[in-house]
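S.K.: The structure file run03.cif (mmCIF, C-alpha atoms and all ligand atoms) is provided below.
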data_coords
#
loop_
_atom_site.label_atom_id
_atom_site.label_comp_id
_atom_site.auth_asym_id
_atom_site.auth_seq_id
_atom_site.Cartn_x
_atom_site.Cartn_y
_atom_site.Cartn_z
CA MET A 3 0.00 0.00 0.00
CA VAL A 4 2.80 2.39 0.82
CA VAL A 5 4.29 1.82 -2.60
CA ARG A 6 0.99 2.52 -4.36
CA LEU A 7 0.54 5.78 -2.47
CA MET A 8 4.02 6.92 -3.39
CA VAL A 9 3.41 6.19 -7.05
CA VAL A 10 0.27 8.28 -7.04
CA ARG A 11 2.02 11.21 -5.39
CA VAL A 12 4.77 11.16 -7.96
CA VAL A 13 2.44 10.97 -10.94
CA VAL A 14 0.06 13.74 -9.93
CA PRO A 15 2.36 16.74 -10.57
CA ALA A 16 3.05 15.52 -14.09
CA VAL A 17 -0.65 15.28 -14.76
CA PHE A 18 -1.09 18.78 -13.43
CA LEU A 19 1.53 20.16 -15.77
CA ALA A 20 -0.03 18.40 -18.74
CA VAL A 21 -3.45 19.76 -17.91
CA GLY A 22 -2.32 23.24 -16.96
CA LEU A 23 -1.20 24.37 -20.40
CA PRO A 24 -4.48 23.90 -22.28
CA LEU A 25 -6.33 25.51 -19.40
CA VAL A 26 -4.13 28.59 -19.63
CA VAL A 27 -4.33 28.81 -23.41
CA GLY A 28 -8.10 28.86 -23.37
CA ALA A 29 -8.35 30.98 -20.29
CA THR A 30 -10.96 33.60 -21.05
CA GLU A 31 -13.28 31.68 -18.75
CA PRO A 32 -14.06 33.31 -15.43
CA SER A 33 -15.11 29.96 -14.05
CA ALA A 34 -11.71 28.33 -13.84
CA PRO A 35 -11.76 25.68 -11.14
CA THR A 36 -11.05 27.29 -7.79
CA SER A 37 -8.88 24.46 -6.62
CA PRO A 38 -8.81 21.49 -8.94
CA GLY A 39 -7.67 18.64 -6.79
CA PRO A 40 -5.44 15.93 -8.18
CA ALA A 41 -8.48 13.71 -8.72
CA SER A 42 -10.31 16.19 -10.95
CA ALA A 43 -7.16 17.02 -12.86
CA SER A 44 -6.58 13.41 -13.69
CA LEU A 45 -10.21 13.02 -14.72
CA THR A 46 -10.13 15.77 -17.33
CA GLY A 47 -6.86 15.01 -19.00
CA GLY A 48 -3.51 13.42 -19.23
CA VAL A 49 -4.94 10.08 -20.30
CA SER A 50 -2.81 8.26 -22.82
CA ALA A 51 -2.73 5.22 -25.05
CA GLY A 52 0.60 4.58 -26.69
CA ALA A 53 1.87 7.75 -28.32
CA VAL A 54 -1.52 9.44 -28.06
CA SER A 55 -2.71 11.39 -25.05
CA VAL A 56 -5.86 13.42 -24.57
CA ASP A 57 -6.68 16.29 -22.24
CA GLY A 58 -8.88 19.36 -21.98
CA VAL A 59 -12.07 17.38 -22.55
CA TRP A 60 -15.28 19.37 -22.21
CA ALA A 61 -18.80 19.67 -23.58
CA ARG A 62 -21.19 22.55 -23.69
CA ALA A 63 -24.13 22.52 -21.28
CA SER A 64 -27.60 22.13 -22.70
CA ALA A 65 -28.96 25.62 -23.40
CA THR A 66 -32.37 25.00 -21.85
CA PRO A 67 -32.98 23.40 -18.44
CA GLY A 68 -35.05 20.55 -19.81
CA GLY A 69 -33.21 20.42 -23.08
CA THR A 70 -31.64 17.28 -24.36
CA GLY A 71 -31.02 17.20 -28.09
CA ALA A 72 -27.47 17.64 -29.25
CA ALA A 73 -24.23 19.02 -27.85
CA GLY A 74 -20.65 19.41 -29.00
CA ALA A 75 -17.71 17.96 -27.12
CA PHE A 76 -14.15 19.20 -27.47
CA LEU A 77 -10.67 18.01 -26.54
CA THR A 78 -7.00 18.15 -27.42
CA ILE A 79 -5.13 15.14 -28.77
CA HIS A 80 -1.35 15.07 -28.38
CA ASN A 81 0.54 12.67 -30.60
CA THR A 82 4.23 12.01 -30.02
CA GLY A 83 4.34 9.08 -32.43
CA ALA A 84 3.36 8.13 -35.94
CA ALA A 85 0.27 9.27 -37.81
CA ASP A 86 -2.97 8.00 -36.31
CA ARG A 87 -6.68 8.50 -36.78
CA LEU A 88 -9.56 8.98 -34.37
CA ILE A 89 -12.07 6.58 -35.85
CA ALA A 90 -14.87 6.38 -33.27
CA ALA A 91 -16.31 7.95 -30.15
CA HIS A 92 -18.96 6.66 -27.76
CA ALA A 93 -20.49 8.13 -24.61
CA PRO A 94 -23.14 6.75 -22.30
CA VAL A 95 -24.75 10.20 -22.05
CA SER A 96 -25.78 10.16 -25.71
CA GLU A 97 -27.70 7.82 -27.98
CA VAL A 98 -25.46 8.64 -30.94
CA VAL A 99 -21.95 10.07 -31.00
CA GLU A 100 -20.46 11.31 -34.27
CA LEU A 101 -17.23 12.93 -35.37
CA HIS A 102 -17.95 16.28 -37.01
CA THR A 103 -16.19 19.05 -38.85
CA HIS A 104 -17.37 22.50 -39.90
CA VAL A 105 -17.47 23.46 -43.56
CA HIS A 106 -18.21 26.75 -45.30
CA ASP A 107 -21.32 26.37 -47.41
CA GLY A 108 -22.39 29.52 -49.25
CA GLY A 109 -21.11 31.75 -46.45
CA VAL A 110 -22.73 29.63 -43.76
CA MET A 111 -20.84 27.35 -41.41
CA ARG A 112 -22.38 23.91 -41.34
CA MET A 113 -21.49 20.79 -39.42
CA ARG A 114 -20.76 17.67 -41.36
CA PRO A 115 -20.03 14.13 -40.10
CA VAL A 116 -16.61 12.73 -40.97
CA PRO A 117 -15.63 9.05 -40.86
CA ALA A 118 -12.39 9.79 -39.01
CA ILE A 119 -10.17 12.61 -37.76
CA ASP A 120 -6.57 12.48 -38.93
CA ILE A 121 -3.98 12.84 -36.17
CA ALA A 122 -0.73 14.01 -37.72
CA PRO A 123 2.52 12.68 -36.22
CA GLY A 124 4.20 14.80 -33.57
CA THR A 125 1.44 17.38 -33.34
CA ASP A 126 -1.51 18.47 -31.24
CA THR A 127 -4.94 18.15 -32.80
CA VAL A 128 -7.45 20.47 -31.19
CA LEU A 129 -11.16 19.73 -31.38
CA LYS A 130 -12.84 23.05 -30.64
CA PRO A 131 -16.00 25.08 -31.30
CA GLY A 132 -16.21 26.04 -34.96
CA GLY A 133 -13.88 23.23 -36.02
CA LEU A 134 -13.54 19.54 -35.58
CA HIS A 135 -15.59 18.19 -32.69
CA VAL A 136 -17.37 15.23 -31.18
CA MET A 137 -21.15 15.49 -31.56
CA PHE A 138 -23.62 14.11 -29.05
CA ILE A 139 -26.96 13.47 -30.74
CA GLY A 140 -29.89 12.36 -28.63
CA LEU A 141 -28.68 13.21 -25.12
CA LYS A 142 -30.29 10.96 -22.53
CA ALA A 143 -30.40 13.85 -20.03
CA PRO A 144 -29.48 17.53 -20.16
CA LEU A 145 -25.79 18.28 -19.69
CA ARG A 146 -25.50 20.48 -16.61
CA GLU A 147 -22.57 22.80 -16.05
CA GLY A 148 -19.98 21.27 -13.74
CA GLU A 149 -21.03 17.69 -14.38
CA ARG A 150 -18.53 15.15 -15.65
CA PHE A 151 -19.02 12.58 -18.34
CA PRO A 152 -17.04 9.62 -19.68
CA LEU A 153 -16.08 9.53 -23.34
CA ASP A 154 -14.65 6.51 -25.10
CA LEU A 155 -12.36 7.26 -28.02
CA THR A 156 -10.98 4.72 -30.47
CA PHE A 157 -7.77 5.42 -32.33
CA GLU A 158 -6.79 3.34 -35.33
CA ARG A 159 -3.24 2.82 -34.12
CA ALA A 160 -3.26 3.65 -30.39
CA GLY A 161 -6.49 1.75 -29.72
CA PRO A 162 -9.25 2.54 -27.23
CA LEU A 163 -8.96 5.33 -24.69
CA ARG A 164 -11.50 6.36 -22.06
CA VAL A 165 -11.34 9.99 -21.02
CA GLU A 166 -13.53 12.07 -18.77
CA GLY A 167 -14.79 15.53 -19.60
CA VAL A 168 -16.45 18.38 -17.76
CA VAL A 169 -19.56 20.29 -18.82
CA ARG A 170 -19.04 24.02 -19.27
CA GLY A 171 -21.66 26.75 -19.50
CA PRO A 172 -23.93 27.07 -22.56
CA GLY A 173 -21.91 30.02 -23.89
CA ALA A 174 -18.46 28.55 -23.31
CA LEU A 175 -15.91 29.98 -25.78
CA GLY A 176 -18.66 32.13 -27.29
CA GLU A 177 -19.69 29.84 -30.10
CA LYS A 178 -23.30 30.26 -31.17
CA PRO A 179 -25.23 27.04 -31.58
CU CU A 201 -21.54 18.78 -34.80
#
So that I can check it, write out the structure of this file as structure tokens.

M.R.:
Amino acid sequence: MVVRLMVVRVVVPAVFLAVGLPLVVGATEPSAPTSPGPASASLTGGVSAGAVSVDGVWARASATPGGTGAAGAFLTIHNTGAADRLIAAHAPVSEVVELHTHVHDGGVMRMRPVPAIDIAPGTDTVLKPGGLHVMFIGLKAPLREGERFPLDLTFERAGPLRVEGVVRGPGALGEKP
């Protein structure tokens, strides 16, 4: 038991560092966690499979209190290895989960499903509002700000990876639905 505790204490600061950068980059949010404990930090990021790691996972809260419908989920994929592809996503909170991109269509931005998201070697791939994202369609319950949700990602090369995200406010990052 002593050994397990020591391992945890050593790993936590590294997780914190990995999570801290994306939080700072996107930091126009007034609602930054007041004191994210080690547990919450490890839940929202720093999860890895092979050369691929994922952090900064979040989804936008349902705009209406009783609303279910659809919601976008966003995350950052770090790849220190060879080219990979995100080929599937599943989440218990949603009936259907798709991978989406945004395309310009006659001056209007529209979402379009894609079969996979290419993960270039040695780069970060950012899924964010207005760009590539994970789409929840048919939410089983409204997403409430502050709640956490599991998200299962499948990479062609790195394999399956379960991450956990946090729900941010309906207007997070200012993207209009
Ligand atoms: Cu979408």

S.K.: For chain A versus ligand CU 201 (chain A), which residues have an atom no more than 7 Å away, and what is each residue's nearest atom pair and distance in Å rounded to one decimal, using only C-alpha atoms and all ligand atoms, chain-then-number order, as a Markdown table?

M.R.:
| residue | atom | partner | partner_atom | distance |
| --- | --- | --- | --- | --- |
| A:Gly74 | CA | A:CU201 | CU | 5.9 |
| A:His102 | CA | A:CU201 | CU | 4.9 |
| A:Thr103 | CA | A:CU201 | CU | 6.7 |
| A:Met113 | CA | A:CU201 | CU | 5.0 |
| A:Arg114 | CA | A:CU201 | CU | 6.7 |
| A:His135 | CA | A:CU201 | CU | 6.3 |
| A:Val136 | CA | A:CU201 | CU | 6.6 |
| A:Met137 | CA | A:CU201 | CU | 4.6 |

S.K.: Just give me the gap between CA of Glu100 (chain A) and CA of Pro117 (chain A) in Å, one decimal is fine.

M.R.: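 Between CA of Glu100 (chain A) and CA of Pro117 (chain A) the gap is 8.5 Å.
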
S.K.: Work out where the centre of an axis-aligned box around every listed atom of region 96-100 of chain A lies and how long its edges are once 3 Å is added on each side; give both in Å to one decimal as JSON.

M.R.:
{"center_x": -24.1, "center_y": 9.6, "center_z": -30.0, "size_x": 13.2, "size_y": 9.5, "size_z": 14.6}

S.K.: What does the distance between CA of Asp126 (chain A) and CA of Ala65 (chain A) come to in Å, to one decimal place?

M.R.: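 CA of Asp126 (chain A) sits 29.4 Å away from CA of Ala65 (chain A).
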
S.K.: In Å, with one decimal, what is the gap from CA of Leu88 (chain A) to CA of Phe138 (chain A)?

M.R.: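 Atom-to-atom, CA of Leu88 (chain A) to CA of Phe138 (chain A), that is 15.9 Å.
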
S.K.: Nearest to Arg170 (chain A): which of A:Gly71, A:Pro123, A:Gly58, A:Gly140 is it, counting all atoms listed in the file?

M.R.: A:Gly58

S.K.: With only C-alpha atoms counted and 12 Å as the cut-off, give the residues of region 66-126 of chain A in contact with region 160-167 of chain A, each with its shortest interatomic distance in Å and the pair that gives it, as CSV.

M.R.:
residue,atom,partner,partner_atom,distance
A:Gly74,CA,A:Gly167,CA,11.7
A:Ala75,CA,A:Gly167,CA,8.4
A:Phe76,CA,A:Gly167,CA,8.7
A:Leu77,CA,A:Gly167,CA,8.4
A:Thr78,CA,A:Val165,CA,11.2
A:Ile79,CA,A:Val165,CA,11.2
A:His80,CA,A:Ala160,CA,11.8
A:Asn81,CA,A:Ala160,CA,9.8
A:Thr82,CA,A:Ala160,CA,11.2
A:Gly83,CA,A:Ala160,CA,9.6
A:Ala84,CA,A:Ala160,CA,9.7
A:Ala85,CA,A:Ala160,CA,10.0
A:Asp86,CA,A:Ala160,CA,7.4
A:Arg87,CA,A:Ala160,CA,8.7
A:Leu88,CA,A:Gly161,CA,9.1
A:Ile89,CA,A:Gly161,CA,9.6
A:Ala90,CA,A:Pro162,CA,9.1
A:Ala91,CA,A:Pro162,CA,9.4
A:His92,CA,A:Arg164,CA,9.4
A:Ala93,CA,A:Arg164,CA,9.5
A:Pro94,CA,A:Glu166,CA,11.5
A:Val95,CA,A:Gly167,CA,11.6
A:Ile121,CA,A:Ala160,CA,10.9

S.K.: Using the selection just defined, write its residues with C-alpha atoms as a PDB file, keeping the file's coordinate frame.

M.R.:
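Contents of part26.pdb, freshly written:
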ATOM      1  CA  GLY A  74     -20.650  19.410 -29.000  1.00  0.00           C
ATOM      2  CA  ALA A  75     -17.710  17.960 -27.120  1.00  0.00           C
ATOM      3  CA  PHE A  76     -14.150  19.200 -27.470  1.00  0.00           C
ATOM      4  CA  LEU A  77     -10.670  18.010 -26.540  1.00  0.00           C
ATOM      5  CA  THR A  78      -7.000  18.150 -27.420  1.00  0.00           C
ATOM      6  CA  ILE A  79      -5.130  15.140 -28.770  1.00  0.00           C
ATOM      7  CA  HIS A  80      -1.350  15.070 -28.380  1.00  0.00           C
ATOM      8  CA  ASN A  81       0.540  12.670 -30.600  1.00  0.00           C
ATOM      9  CA  THR A  82       4.230  12.010 -30.020  1.00  0.00           C
ATOM     10  CA  GLY A  83       4.340   9.080 -32.430  1.00  0.00           C
ATOM     11  CA  ALA A  84       3.360   8.130 -35.940  1.00  0.00           C
ATOM     12  CA  ALA A  85       0.270   9.270 -37.810  1.00  0.00           C
ATOM     13  CA  ASP A  86      -2.970   8.000 -36.310  1.00  0.00           C
ATOM     14  CA  ARG A  87      -6.680   8.500 -36.780  1.00  0.00           C
ATOM     15  CA  LEU A  88      -9.560   8.980 -34.370  1.00  0.00           C
ATOM     16  CA  ILE A  89     -12.070   6.580 -35.850  1.00  0.00           C
ATOM     17  CA  ALA A  90     -14.870   6.380 -33.270  1.00  0.00           C
ATOM     18  CA  ALA A  91     -16.310   7.950 -30.150  1.00  0.00           C
ATOM     19  CA  HIS A  92     -18.960   6.660 -27.760  1.00  0.00           C
ATOM     20  CA  ALA A  93     -20.490   8.130 -24.610  1.00  0.00           C
ATOM     21  CA  PRO A  94     -23.140   6.750 -22.300  1.00  0.00           C
ATOM     22  CA  VAL A  95     -24.750  10.200 -22.050  1.00  0.00           C
ATOM     23  CA  ILE A 121      -3.980  12.840 -36.170  1.00  0.00           C
TER      24      ILE A 121
END
